[in-house]
Amino acid sequence: MGSPSTPRPLRADARRNYERILAVAREAFAEDGPDTPLDDIARRAGVGAGTLYRRFPSREALIEAVYRADIEELSAEAHDLVEKLPPEEALAAWLRAQVAFVTRKRGLATTLKAAIDKDSETFTLCRTLITDAAAAVLKPAQEAGKVRADVEPRDVLRMGHAIGLACEASPDAVERLLAVMLDGLRRPDGDQRP
C-alpha cells in the first residue's frame, strides 16, 4: 500500500476518462479560452461533471494538468529521439518538434501559462522538464563534437521558440530558419574547445 501522498494508479477506464477529459479540455481551451465552462468540457468528454471534478477539483487544476501533459509529451520526445538517432539528428528532430509545438500550441500555451501561478509546482516542474529535454538532445551533440560547447539548453529553447513565433504566419520558413539555426550551432572547423 502506498503512502498517503502517493497516488494510486488509475484503473483502465479511469485512465481513459482522465485522458479524454485532458484532450477535450485542450481543444476547448484552444477554441474558447481558459474560461470554458467545466460542465461543457465534461459533457463533450462524455463523462459526468462529478467525474471531472473528482479528478480536477478546480479550473486551475485542469489548466495545470493540460499544460503539464503537453510539456511532458514534448520532453519525452527528446529522450526518445536520443535513443533512436545519432546526436546531431536527434537535436535537429527535437528542434523541429519544439518549433511545431510553439506554432501549433502558442495561443493555448500562452493562455495556460498566464493562468498558472509562476511559483506553482506545476510551472516549476514544466520549466525543469523542458530544460532537461533540451539538455538531453544538446549534450550528446556537444560531446560528439558536432555542436559548439558554449551553447546552453536555454539558448536552444529560446532560439526554437523564436523560430516558432516568427513562422506562425509563414510556416514555409520553418525549415530554412532551422537550417540557419543548426548551422550556427555547429562547432566551427578548427575549433579546439572541448
# chains A, B, ... in the order shown; residues from 1 in each chain; ligands from 1
call {"tool": "select_by_dssp", "arguments": {"residues": "range 39-183 of chain A", "states": "alpha helix (DSSP H)", "output": "PyMOL selection string"}}
result
chain A and resi 39-45+49-55+59-84+87-115+121-143+153-166+174-183
call {"tool": "closest_residue", "arguments": {"among": "A:Leu182, A:Ala12, A:Ile163, A:Ile63", "to": "Asp35 in chain A", "atoms": "only C-alpha atoms"}}
result
A:Ile63
call {"tool": "residues_around", "arguments": {"residues": "range 168-173 of chain A", "least_positions_apart": "5", "cutoff": "9 Å", "atoms": "only C-alpha atoms", "output": "VMD selection string"}}
result
chain A and resid 102 to 104 106 163 178
call {"tool": "write_last_selection", "arguments": {"atoms": "N, CA and C atoms", "output": "mmCIF file, in the first residue's frame"}}
result
data_model
loop_
_atom_site.group_PDB
_atom_site.id
_atom_site.type_symbol
_atom_site.label_atom_id
_atom_site.label_comp_id
_atom_site.auth_asym_id
_atom_site.auth_seq_id
_atom_site.Cartn_x
_atom_site.Cartn_y
_atom_site.Cartn_z
ATOM 1 N N VAL A 102 5.465 25.063 -30.584
ATOM 2 C CA VAL A 102 5.275 26.507 -30.372
ATOM 3 C C VAL A 102 4.256 27.059 -31.368
ATOM 4 N N THR A 103 4.384 26.701 -32.641
ATOM 5 C CA THR A 103 3.470 27.264 -33.641
ATOM 6 C C THR A 103 2.062 26.697 -33.494
ATOM 7 N N ARG A 104 1.955 25.423 -33.152
ATOM 8 C CA ARG A 104 0.655 24.775 -33.050
ATOM 9 C C ARG A 104 -0.068 25.153 -31.755
ATOM 10 N N ARG A 106 0.824 27.778 -29.555
ATOM 11 C CA ARG A 106 1.222 29.071 -28.987
ATOM 12 C C ARG A 106 0.101 29.737 -28.207
ATOM 13 N N ILE A 163 11.913 30.941 -33.469
ATOM 14 C CA ILE A 163 11.563 30.485 -34.823
ATOM 15 C C ILE A 163 10.076 30.152 -34.888
ATOM 16 N N LEU A 178 15.379 26.892 -39.373
ATOM 17 C CA LEU A 178 16.002 25.835 -38.576
ATOM 18 C C LEU A 178 17.373 25.467 -39.132
#
call {"tool": "residues_around", "arguments": {"residues": "range 81-89 of chain A", "least_positions_apart": "5", "cutoff": "9 Å", "atoms": "only C-alpha atoms", "output": "ChimeraX atom specification"}}
result
/A:76,94,136-144,146-147
call {"tool": "residues_around", "arguments": {"residues": "range 116-128 of chain A", "least_positions_apart": "6", "cutoff": "9 Å", "atoms": "only C-alpha atoms", "output": "short mmCIF file (atom, residue, chain, number, x, y, z; two decimals) with C-alpha atoms, in the first residue's frame"}}
result
data_model
loop_
_atom_site.label_atom_id
_atom_site.label_comp_id
_atom_site.auth_asym_id
_atom_site.auth_seq_id
_atom_site.Cartn_x
_atom_site.Cartn_y
_atom_site.Cartn_z
CA GLU A 60 -6.76 25.77 -12.21
CA ILE A 63 -5.47 24.00 -16.75
CA GLU A 64 -2.29 22.89 -15.00
CA ALA A 65 -2.89 19.25 -15.97
CA TYR A 67 -0.17 22.29 -19.67
CA ARG A 68 1.85 19.66 -17.77
CA ILE A 71 5.22 19.63 -21.74
CA GLU A 72 5.67 16.02 -20.57
#
call {"tool": "closest_residue", "arguments": {"among": "A:Ala90, A:His161, A:Pro188, A:Arg11", "to": "Arg148 in chain A", "atoms": "only C-alpha atoms"}}
result
A:Pro188
call {"tool": "atom_distance", "arguments": {"atom1": "CA of Ile21 in chain A", "atom2": "CA of Leu52 in chain A"}}
result
7.2 Å
call {"tool": "closest_residue", "arguments": {"among": "A:Asp39, A:Glu77, A:Glu31, A:Asp70", "to": "Leu91 in chain A", "atoms": "only C-alpha atoms"}}
result
A:Glu77
call {"tool": "atom_distance", "arguments": {"atom1": "CA of Thr36 in chain A", "atom2": "CA of Pro57 in chain A"}}
result
15.2 Å
call {"tool": "residues_around", "arguments": {"residues": "Ala23 in chain A", "least_positions_apart": "5", "cutoff": "9 Å", "atoms": "only C-alpha atoms", "output": "mmCIF file with N, CA and C atoms, in the first residue's frame"}}
result
data_model
loop_
_atom_site.group_PDB
_atom_site.id
_atom_site.type_symbol
_atom_site.label_atom_id
_atom_site.label_comp_id
_atom_site.auth_asym_id
_atom_site.auth_seq_id
_atom_site.Cartn_x
_atom_site.Cartn_y
_atom_site.Cartn_z
ATOM 1 N N TYR A 18 -9.677 10.165 -17.789
ATOM 2 C CA TYR A 18 -8.708 11.225 -17.484
ATOM 3 C C TYR A 18 -8.119 11.770 -18.788
ATOM 4 N N ALA A 28 -10.977 22.636 -26.035
ATOM 5 C CA ALA A 28 -11.886 23.693 -25.578
ATOM 6 C C ALA A 28 -11.120 24.960 -25.192
ATOM 7 N N ALA A 45 -16.608 15.511 -23.205
ATOM 8 C CA ALA A 45 -15.755 14.347 -22.960
ATOM 9 C C ALA A 45 -16.570 13.079 -22.721
ATOM 10 N N VAL A 66 -3.437 20.079 -18.191
ATOM 11 C CA VAL A 66 -3.306 20.159 -19.651
ATOM 12 C C VAL A 66 -1.910 20.661 -20.017
#
call {"tool": "residues_around", "arguments": {"residues": "Gly160 in chain A", "least_positions_apart": "4", "cutoff": "7 Å", "atoms": "only C-alpha atoms", "output": "list in words"}}
result
Leu95, Gln98, Val99, Val156 and Gly164 of chain A
call {"tool": "decode", "arguments": {"residues": "range 135-151 of chain A", "atoms": "all heavy atoms", "output": "CSV table (one decimal), in the first residue's frame"}}
result
chain,number,residue,atom,x,y,z
A,135,ALA,N,18.6,19.8,-22.8
A,135,ALA,CA,19.9,19.3,-22.4
A,135,ALA,C,20.1,17.9,-22.9
A,135,ALA,O,21.2,17.5,-23.4
A,135,ALA,CB,20.1,19.4,-20.9
A,136,ALA,N,19.0,17.1,-22.9
A,136,ALA,CA,19.1,15.7,-23.3
A,136,ALA,C,19.5,15.6,-24.8
A,136,ALA,O,20.2,14.6,-25.1
A,136,ALA,CB,17.8,14.9,-23.0
A,137,VAL,N,19.0,16.5,-25.6
A,137,VAL,CA,19.4,16.4,-27.0
A,137,VAL,C,20.7,17.2,-27.3
A,137,VAL,O,21.4,16.9,-28.3
A,137,VAL,CB,18.2,16.9,-27.9
A,137,VAL,CG1,17.1,15.9,-27.9
A,137,VAL,CG2,17.8,18.3,-27.6
A,138,LEU,N,20.9,18.3,-26.5
A,138,LEU,CA,22.1,19.1,-26.8
A,138,LEU,C,23.4,18.5,-26.4
A,138,LEU,O,24.4,18.5,-27.1
A,138,LEU,CB,21.9,20.5,-26.1
A,138,LEU,CG,23.1,21.4,-26.2
A,138,LEU,CD1,23.3,21.9,-27.6
A,138,LEU,CD2,22.8,22.7,-25.3
A,139,LYS,N,23.5,17.9,-25.2
A,139,LYS,CA,24.7,17.4,-24.6
A,139,LYS,C,25.4,16.4,-25.4
A,139,LYS,O,26.6,16.4,-25.7
A,139,LYS,CB,24.5,17.0,-23.2
A,139,LYS,CG,24.1,18.1,-22.2
A,139,LYS,CD,25.1,19.2,-22.1
A,139,LYS,CE,24.7,20.2,-21.1
A,139,LYS,NZ,25.5,21.4,-21.2
A,140,PRO,N,24.6,15.3,-25.9
A,140,PRO,CA,25.3,14.3,-26.8
A,140,PRO,C,25.9,14.9,-28.0
A,140,PRO,O,26.9,14.5,-28.5
A,140,PRO,CB,24.1,13.3,-27.1
A,140,PRO,CG,23.2,13.5,-26.0
A,140,PRO,CD,23.2,15.0,-25.6
A,141,ALA,N,25.2,15.9,-28.6
A,141,ALA,CA,25.7,16.5,-29.8
A,141,ALA,C,27.0,17.3,-29.5
A,141,ALA,O,27.9,17.3,-30.3
A,141,ALA,CB,24.6,17.4,-30.5
A,142,GLN,N,27.0,17.9,-28.4
A,142,GLN,CA,28.3,18.6,-27.9
A,142,GLN,C,29.4,17.6,-27.7
A,142,GLN,O,30.5,17.8,-28.1
A,142,GLN,CB,28.0,19.5,-26.7
A,142,GLN,CG,27.1,20.7,-27.0
A,142,GLN,CD,26.8,21.5,-25.7
A,142,GLN,OE1,26.4,20.9,-24.7
A,142,GLN,NE2,26.8,22.8,-25.8
A,143,GLU,N,29.1,16.5,-27.0
A,143,GLU,CA,30.1,15.5,-26.7
A,143,GLU,C,30.6,14.9,-27.9
A,143,GLU,O,31.8,14.4,-27.9
A,143,GLU,CB,29.5,14.5,-25.7
A,143,GLU,CG,29.3,15.1,-24.3
A,143,GLU,CD,28.4,14.2,-23.4
A,143,GLU,OE1,28.0,13.1,-23.9
A,143,GLU,OE2,28.1,14.6,-22.3
A,144,ALA,N,29.8,14.8,-28.9
A,144,ALA,CA,30.2,14.2,-30.2
A,144,ALA,C,31.0,15.2,-31.1
A,144,ALA,O,31.5,14.9,-32.2
A,144,ALA,CB,29.0,13.7,-31.0
A,145,GLY,N,31.2,16.4,-30.6
A,145,GLY,CA,31.9,17.4,-31.3
A,145,GLY,C,31.2,18.1,-32.4
A,145,GLY,O,31.7,18.7,-33.3
A,146,LYS,N,29.8,17.9,-32.4
A,146,LYS,CA,29.0,18.4,-33.5
A,146,LYS,C,28.4,19.8,-33.3
A,146,LYS,O,28.1,20.5,-34.2
A,146,LYS,CB,27.8,17.5,-33.8
A,146,LYS,CG,28.3,16.1,-34.2
A,146,LYS,CD,29.0,16.1,-35.5
A,146,LYS,CE,29.3,14.6,-36.0
A,146,LYS,NZ,30.0,14.6,-37.2
A,147,VAL,N,28.4,20.2,-32.0
A,147,VAL,CA,27.7,21.5,-31.6
A,147,VAL,C,28.7,22.2,-30.7
A,147,VAL,O,29.4,21.6,-29.9
A,147,VAL,CB,26.4,21.2,-30.9
A,147,VAL,CG1,25.8,22.5,-30.3
A,147,VAL,CG2,25.4,20.6,-31.8
A,148,ARG,N,28.7,23.5,-30.9
A,148,ARG,CA,29.5,24.4,-30.1
A,148,ARG,C,29.4,24.1,-28.6
A,148,ARG,O,28.3,23.9,-28.1
A,148,ARG,CB,29.1,25.9,-30.3
A,148,ARG,CG,29.2,26.3,-31.7
A,148,ARG,CD,28.5,27.7,-31.9
A,148,ARG,NE,28.9,28.6,-30.9
A,148,ARG,CZ,29.5,29.8,-31.2
A,148,ARG,NH1,29.7,30.1,-32.4
A,148,ARG,NH2,29.8,30.6,-30.2
A,149,ALA,N,30.5,24.2,-27.8
A,149,ALA,CA,30.5,23.9,-26.4
A,149,ALA,C,29.9,25.0,-25.6
A,149,ALA,O,29.4,24.7,-24.5
A,149,ALA,CB,31.9,23.6,-25.9
A,150,ASP,N,29.8,26.2,-26.1
A,150,ASP,CA,29.3,27.3,-25.3
A,150,ASP,C,27.8,27.5,-25.4
A,150,ASP,O,27.2,28.4,-24.8
A,150,ASP,CB,30.0,28.6,-25.8
A,150,ASP,CG,29.8,29.0,-27.2
A,150,ASP,OD1,29.4,28.1,-28.0
A,150,ASP,OD2,30.0,30.1,-27.6
A,151,VAL,N,27.1,26.6,-26.1
A,151,VAL,CA,25.7,26.7,-26.2
A,151,VAL,C,25.0,26.0,-25.0
A,151,VAL,O,25.5,24.9,-24.6
A,151,VAL,CB,25.2,26.0,-27.5
A,151,VAL,CG1,23.6,26.0,-27.6
A,151,VAL,CG2,25.8,26.7,-28.7
